[in-house]
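Inspection log for the structure reproduced underneath, given as structure tokens.
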Amino acid sequence: MSASGLASAADGTPIAWEAHGSGDPVLLIAGQATGMHGWGPFAEALARDARVIVYDHRGIGASGEGDPAAYSTRGFASDAVAVLDAAGVADAHVVGHSMGGRVAQWLAADHPDRVRRLVLLATTAGDATGSRRDPAALGDLLSGDRSRMLPLFFDDAWAPAHPADVERFFTRVASRAALRGHFAASRDHDATEALDRIRAQTLVVHGTRDALTPVDHARLLAERLPAADLVELDARHGLHLDTPQVEREVRRFLR
């Protein structure tokens with residue numbers, strides 16, 4: 001069963017969302033400047049036995065832009081609440097990847113009644129809490145050159161074997177102002193002091209070869225969250241797409 005629509009954020013910005021499948025609701029929160037369809041086969045697999053809800057962050061894809069200068073991960077969490085409301089969902093399991101994991105932290109801390117279980121993939125509580133990004137990796141990320149970005153996210157053999165999934169992940173419609181706003185929101189995220197307010201049982205999944213967010217960030221999250229399990233995998237930043245064990249771990253946890 002599929003549905004789609006436009007949620008109305010607190011400031012009136014329209015947020016485009018879709019829902020697929022049936023069963024317990026699972027909200028997927030995408031990473032920095034990544035559209036809802038970038039979840040690709042991961043979302044499709046979960047939708048076999050769950051109601052999977054995806055959406056475009058403000059400034060991305062079919063959603064309105066709002067004020068890019070005001071973007072923040074905490075503000076994006078308010079947009080996620082609007083999506084749940086529009087989809088008619090009182091509470092859901094929440095899965096966030098990269099910046100989406102930052103957003104998910106605020107969602108779980110500020111709106112604990114809306115989050116059943118929490119999954120944090122390849123994310124951090126903030127750069128002040130652990131190892132900083134490798135400047136060379138950050139330069140590759142910001143280059144816009146897909147040949148430089150691909151090795152940050154995916155195993156060398158996986159990407160050429162899955163061109164459609166790679167295309168969905170990297171394709172986006174966004175203004176330069178929105179892209180700058182997303183980068184600033186992700187960079188400035190710091191939920192360190194909010195972690196002890198997150199009561200949802202949490203699964204932290206991270207790749208030990210993640211150059212964009214070193215694995216120390218995941219270890220700190222698992223240590224400081226009140227109820228968290230940590231799974232470390234031999235993977236990079238896009239582990240939810242190229243590492244099948246991620247889907248298995250998430251399914252097991254959400255059951």
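So you can find residues: chains in the structure tokens are A, B, ... in the order shown, residues in each start at 1, and ligands are numbered from 1 in order.
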Using the chain letters and numbers from this document, which residues of range 34-222 of chain A does DSSP assign to helix (DSSP H, G or I), as an mmCIF file with C-alpha atoms, in the first residue's frame?
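result.cif, written as the output of this step:
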```
data_model
loop_
_atom_site.group_PDB
_atom_site.id
_atom_site.type_symbol
_atom_site.label_atom_id
_atom_site.label_comp_id
_atom_site.auth_asym_id
_atom_site.auth_seq_id
_atom_site.Cartn_x
_atom_site.Cartn_y
_atom_site.Cartn_z
ATOM 1 C CA MET A 36 13.975 10.342 -0.267
ATOM 2 C CA HIS A 37 14.564 7.982 -3.182
ATOM 3 C CA GLY A 38 18.229 7.644 -2.266
ATOM 4 C CA TRP A 39 17.257 4.926 0.221
ATOM 5 C CA GLY A 40 16.718 2.659 -2.784
ATOM 6 C CA PRO A 41 16.820 -1.087 -2.073
ATOM 7 C CA PHE A 42 17.156 -0.573 1.687
ATOM 8 C CA ALA A 43 13.731 1.064 1.879
ATOM 9 C CA GLU A 44 12.255 -1.434 -0.559
ATOM 10 C CA ALA A 45 13.462 -4.355 1.548
ATOM 11 C CA LEU A 46 12.036 -2.929 4.783
ATOM 12 C CA PRO A 68 18.407 27.997 4.133
ATOM 13 C CA ALA A 69 20.186 30.352 6.521
ATOM 14 C CA ALA A 70 18.045 28.953 9.347
ATOM 15 C CA THR A 73 19.324 19.442 12.488
ATOM 16 C CA ARG A 74 16.967 20.308 15.337
ATOM 17 C CA GLY A 75 14.751 22.211 12.915
ATOM 18 C CA PHE A 76 14.830 19.275 10.514
ATOM 19 C CA ALA A 77 13.558 17.105 13.384
ATOM 20 C CA SER A 78 10.504 19.353 13.597
ATOM 21 C CA ASP A 79 9.948 18.689 9.886
ATOM 22 C CA ALA A 80 10.071 14.941 10.623
ATOM 23 C CA VAL A 81 7.284 15.386 13.181
ATOM 24 C CA ALA A 82 5.202 17.158 10.536
ATOM 25 C CA VAL A 83 5.732 14.195 8.202
ATOM 26 C CA LEU A 84 4.562 11.734 10.862
ATOM 27 C CA ASP A 85 1.495 13.893 11.446
ATOM 28 C CA ALA A 86 0.697 14.082 7.733
ATOM 29 C CA MET A 99 22.950 13.769 8.851
ATOM 30 C CA GLY A 100 19.642 11.933 9.125
ATOM 31 C CA GLY A 101 21.046 10.268 12.228
ATOM 32 C CA ARG A 102 21.789 13.699 13.655
ATOM 33 C CA VAL A 103 18.199 14.724 12.957
ATOM 34 C CA ALA A 104 16.944 11.476 14.507
ATOM 35 C CA GLN A 105 18.808 12.246 17.738
ATOM 36 C CA TRP A 106 16.869 15.482 18.155
ATOM 37 C CA LEU A 107 13.622 13.785 17.194
ATOM 38 C CA ALA A 108 14.125 11.161 19.902
ATOM 39 C CA ALA A 109 15.296 13.689 22.502
ATOM 40 C CA ASP A 110 12.667 16.390 21.903
ATOM 41 C CA PRO A 112 10.260 10.864 22.818
ATOM 42 C CA ASP A 113 6.602 9.912 22.456
ATOM 43 C CA ARG A 114 6.989 9.779 18.662
ATOM 44 C CA ASP A 127 32.261 16.929 15.732
ATOM 45 C CA ALA A 128 33.159 18.250 19.166
ATOM 46 C CA THR A 129 32.597 14.805 20.663
ATOM 47 C CA PRO A 135 40.231 17.074 5.504
ATOM 48 C CA ALA A 136 41.017 15.155 2.311
ATOM 49 C CA ALA A 137 37.789 13.163 2.626
ATOM 50 C CA LEU A 138 35.833 16.346 3.259
ATOM 51 C CA GLY A 139 37.383 17.890 0.168
ATOM 52 C CA ASP A 140 36.328 14.869 -1.889
ATOM 53 C CA LEU A 141 32.785 15.126 -0.509
ATOM 54 C CA LEU A 142 32.464 18.814 -1.353
ATOM 55 C CA ARG A 146 31.316 11.597 -8.256
ATOM 56 C CA SER A 147 34.535 9.719 -9.013
ATOM 57 C CA ARG A 148 36.015 11.248 -5.855
ATOM 58 C CA MET A 149 32.878 10.767 -3.744
ATOM 59 C CA LEU A 150 32.152 7.142 -4.613
ATOM 60 C CA PRO A 151 35.074 5.651 -2.628
ATOM 61 C CA LEU A 152 33.887 7.501 0.468
ATOM 62 C CA PHE A 153 30.537 5.708 0.398
ATOM 63 C CA TRP A 158 29.585 -2.667 -5.449
ATOM 64 C CA ALA A 159 29.200 0.710 -7.148
ATOM 65 C CA PRO A 160 29.777 -0.386 -10.777
ATOM 66 C CA ALA A 161 27.532 -3.400 -10.207
ATOM 67 C CA PRO A 163 24.573 1.900 -11.171
ATOM 68 C CA ALA A 164 20.848 2.575 -10.682
ATOM 69 C CA ASP A 165 21.162 2.561 -6.889
ATOM 70 C CA VAL A 166 24.216 4.826 -7.066
ATOM 71 C CA GLU A 167 22.328 7.212 -9.349
ATOM 72 C CA ARG A 168 19.334 7.380 -7.000
ATOM 73 C CA PHE A 169 21.601 8.025 -4.039
ATOM 74 C CA PHE A 170 23.547 10.890 -5.585
ATOM 75 C CA ARG A 176 23.209 26.265 -3.940
ATOM 76 C CA ALA A 177 21.744 28.064 -0.947
ATOM 77 C CA ALA A 178 19.982 24.885 0.184
ATOM 78 C CA LEU A 179 23.150 22.816 -0.247
ATOM 79 C CA ARG A 180 25.097 25.325 1.839
ATOM 80 C CA GLY A 181 22.351 25.240 4.450
ATOM 81 C CA HIS A 182 22.442 21.452 4.639
ATOM 82 C CA PHE A 183 26.210 21.426 5.008
ATOM 83 C CA ALA A 184 26.084 24.028 7.782
ATOM 84 C CA ALA A 185 23.297 22.188 9.623
ATOM 85 C CA SER A 186 25.231 18.934 9.554
ATOM 86 C CA ARG A 187 28.550 20.566 10.454
ATOM 87 C CA THR A 192 25.936 15.772 23.120
ATOM 88 C CA GLU A 193 23.989 17.222 26.015
ATOM 89 C CA ALA A 194 20.720 15.776 24.722
ATOM 90 C CA LEU A 195 21.838 12.154 24.474
ATOM 91 C CA ASP A 196 20.834 11.297 28.040
ATOM 92 C CA ARG A 197 17.260 12.387 27.202
ATOM 93 C CA ASP A 216 35.016 6.708 17.272
ATOM 94 C CA HIS A 217 31.847 8.766 16.877
ATOM 95 C CA ALA A 218 29.711 5.624 16.960
ATOM 96 C CA ARG A 219 31.505 4.289 19.994
ATOM 97 C CA LEU A 220 30.879 7.531 21.845
ATOM 98 C CA LEU A 221 27.190 7.454 20.903
ATOM 99 C CA ALA A 222 26.816 3.895 22.182
#
```
| query | Leaving out Arg252 in chain A and any residue of its chain fewer than 6 positions from it, which residues lie within 12 Å of it when counting only C-alpha atoms, given as a PyMOL selection string? | reply | chain A and resi 46+117+119+203+245-246
| Which residue of A:Ile60, A:Ala227, A:Val205, A:Ala10 approaches Gly35 in chain A most closely, using only C-alpha atoms | A:Ile60
| field | Residue nearest Ile53 in chain A among A:Glu65, A:Glu18, A:Asp24, A:Asp91 (counting only C-alpha atoms) | value |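 Closest residue, counting only C-alpha atoms: A:Glu18.
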| Between CA of Arg48 in chain A and CA of Val231 in chain A, what is the spacing in Å? |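 That distance, rounded to one decimal, is 23.5 Å.
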| query | Could you pull out the strand (DSSP E) residues of range 64-176 of chain A from DSSP and send them as a VMD selection string? | reply | chain A and resid 92 to 97 115 to 121
Restricted to N, CA and C atoms, what would the selected residues look like written as a PDB file, in the first residue's frame?
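Result went into selection.pdb, see below:
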```
ATOM      1  N   ALA A  92       6.688   5.924  15.561  1.00  0.00           N
ATOM      2  CA  ALA A  92       7.297   5.055  14.561  1.00  0.00           C
ATOM      3  C   ALA A  92       8.694   4.652  15.006  1.00  0.00           C
ATOM      4  N   HIS A  93       9.167   3.547  14.464  1.00  0.00           N
ATOM      5  CA  HIS A  93      10.598   3.280  14.517  1.00  0.00           C
ATOM      6  C   HIS A  93      11.259   4.316  13.616  1.00  0.00           C
ATOM      7  N   VAL A  94      12.438   4.774  14.004  1.00  0.00           N
ATOM      8  CA  VAL A  94      13.123   5.832  13.246  1.00  0.00           C
ATOM      9  C   VAL A  94      14.523   5.366  12.895  1.00  0.00           C
ATOM     10  N   VAL A  95      14.864   5.474  11.611  1.00  0.00           N
ATOM     11  CA  VAL A  95      16.189   5.108  11.112  1.00  0.00           C
ATOM     12  C   VAL A  95      16.787   6.334  10.442  1.00  0.00           C
ATOM     13  N   GLY A  96      17.945   6.780  10.915  1.00  0.00           N
ATOM     14  CA  GLY A  96      18.598   7.935  10.324  1.00  0.00           C
ATOM     15  C   GLY A  96      19.994   7.596   9.856  1.00  0.00           C
ATOM     16  N   HIS A  97      20.331   8.055   8.643  1.00  0.00           N
ATOM     17  CA  HIS A  97      21.665   7.823   8.089  1.00  0.00           C
ATOM     18  C   HIS A  97      22.427   9.145   8.016  1.00  0.00           C
ATOM     19  N   VAL A 115       8.888   8.268  18.998  1.00  0.00           N
ATOM     20  CA  VAL A 115       9.923   7.330  18.558  1.00  0.00           C
ATOM     21  C   VAL A 115       9.824   6.028  19.336  1.00  0.00           C
ATOM     22  N   ARG A 116       9.605   4.935  18.634  1.00  0.00           N
ATOM     23  CA  ARG A 116       9.575   3.615  19.262  1.00  0.00           C
ATOM     24  C   ARG A 116      11.002   3.119  19.486  1.00  0.00           C
ATOM     25  N   ARG A 117      11.649   2.702  18.412  1.00  0.00           N
ATOM     26  CA  ARG A 117      13.047   2.289  18.459  1.00  0.00           C
ATOM     27  C   ARG A 117      13.833   3.159  17.486  1.00  0.00           C
ATOM     28  N   LEU A 118      15.105   3.330  17.785  1.00  0.00           N
ATOM     29  CA  LEU A 118      15.946   4.273  17.048  1.00  0.00           C
ATOM     30  C   LEU A 118      17.150   3.546  16.460  1.00  0.00           C
ATOM     31  N   VAL A 119      17.421   3.785  15.180  1.00  0.00           N
ATOM     32  CA  VAL A 119      18.598   3.231  14.518  1.00  0.00           C
ATOM     33  C   VAL A 119      19.424   4.383  13.967  1.00  0.00           C
ATOM     34  N   LEU A 120      20.703   4.419  14.343  1.00  0.00           N
ATOM     35  CA  LEU A 120      21.613   5.480  13.915  1.00  0.00           C
ATOM     36  C   LEU A 120      22.710   4.861  13.055  1.00  0.00           C
ATOM     37  N   LEU A 121      22.724   5.224  11.778  1.00  0.00           N
ATOM     38  CA  LEU A 121      23.664   4.662  10.812  1.00  0.00           C
ATOM     39  C   LEU A 121      24.708   5.704  10.421  1.00  0.00           C
TER      40      LEU A 121
END
```
| Using only C-alpha atoms, which of A:Leu225, A:Ala122, A:Ala200, A:Ala30 sits nearest His237 in chain A? |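 Comparing A:Leu225, A:Ala122, A:Ala200, A:Ala30 against His237 in chain A, the winner is A:Ala122.
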| field | Point-to-point distance in Å for CA of Ile15 in chain A and CA of His189 in chain A | value |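 Computed distance, CA of His189 in chain A to CA of Ile15 in chain A, equals 21.2 Å.
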| Skipping near chain neighbours, those fewer than 2 positions away, what residues fall within 7 Å of Ala50 in chain A using only C-alpha atoms, listed as a list in words? |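 Neighbouring residues, sequence-local ones excluded: Gly21, Ser22, Gly23, Asp24, Pro25, Val26, Leu46, Ala47, Arg48 and Val52 of chain A.
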Expected file: the selected residues, N, CA and C atoms, as an mmCIF file, in the first residue's frame:
```
data_model
loop_
_atom_site.group_PDB
_atom_site.id
_atom_site.type_symbol
_atom_site.label_atom_id
_atom_site.label_comp_id
_atom_site.auth_asym_id
_atom_site.auth_seq_id
_atom_site.Cartn_x
_atom_site.Cartn_y
_atom_site.Cartn_z
ATOM 1 N N GLY A 21 4.268 -0.003 1.644
ATOM 2 C CA GLY A 21 4.172 -1.206 2.450
ATOM 3 C C GLY A 21 3.152 -1.071 3.562
ATOM 4 N N SER A 22 3.058 -2.120 4.370
ATOM 5 C CA SER A 22 2.129 -2.116 5.497
ATOM 6 C C SER A 22 2.775 -2.830 6.672
ATOM 7 N N GLY A 23 2.296 -2.494 7.862
ATOM 8 C CA GLY A 23 2.874 -3.039 9.080
ATOM 9 C C GLY A 23 3.286 -1.917 10.007
ATOM 10 N N ASP A 24 4.192 -2.203 10.927
ATOM 11 C CA ASP A 24 4.670 -1.177 11.846
ATOM 12 C C ASP A 24 5.320 -0.044 11.055
ATOM 13 N N PRO A 25 5.042 1.214 11.421
ATOM 14 C CA PRO A 25 5.638 2.335 10.680
ATOM 15 C C PRO A 25 7.121 2.495 10.988
ATOM 16 N N VAL A 26 7.899 2.739 9.933
ATOM 17 C CA VAL A 26 9.332 2.998 10.042
ATOM 18 C C VAL A 26 9.626 4.273 9.263
ATOM 19 N N LEU A 46 12.776 -3.115 3.536
ATOM 20 C CA LEU A 46 12.036 -2.929 4.783
ATOM 21 C C LEU A 46 10.530 -2.890 4.529
ATOM 22 N N ALA A 47 10.132 -2.358 3.366
ATOM 23 C CA ALA A 47 8.705 -2.225 3.051
ATOM 24 C C ALA A 47 8.030 -3.551 2.780
ATOM 25 N N ARG A 48 8.794 -4.636 2.737
ATOM 26 C CA ARG A 48 8.167 -5.946 2.555
ATOM 27 C C ARG A 48 7.313 -6.330 3.759
ATOM 28 N N VAL A 52 6.925 1.831 5.425
ATOM 29 C CA VAL A 52 8.133 2.648 5.369
ATOM 30 C C VAL A 52 7.776 4.041 4.857
#
```
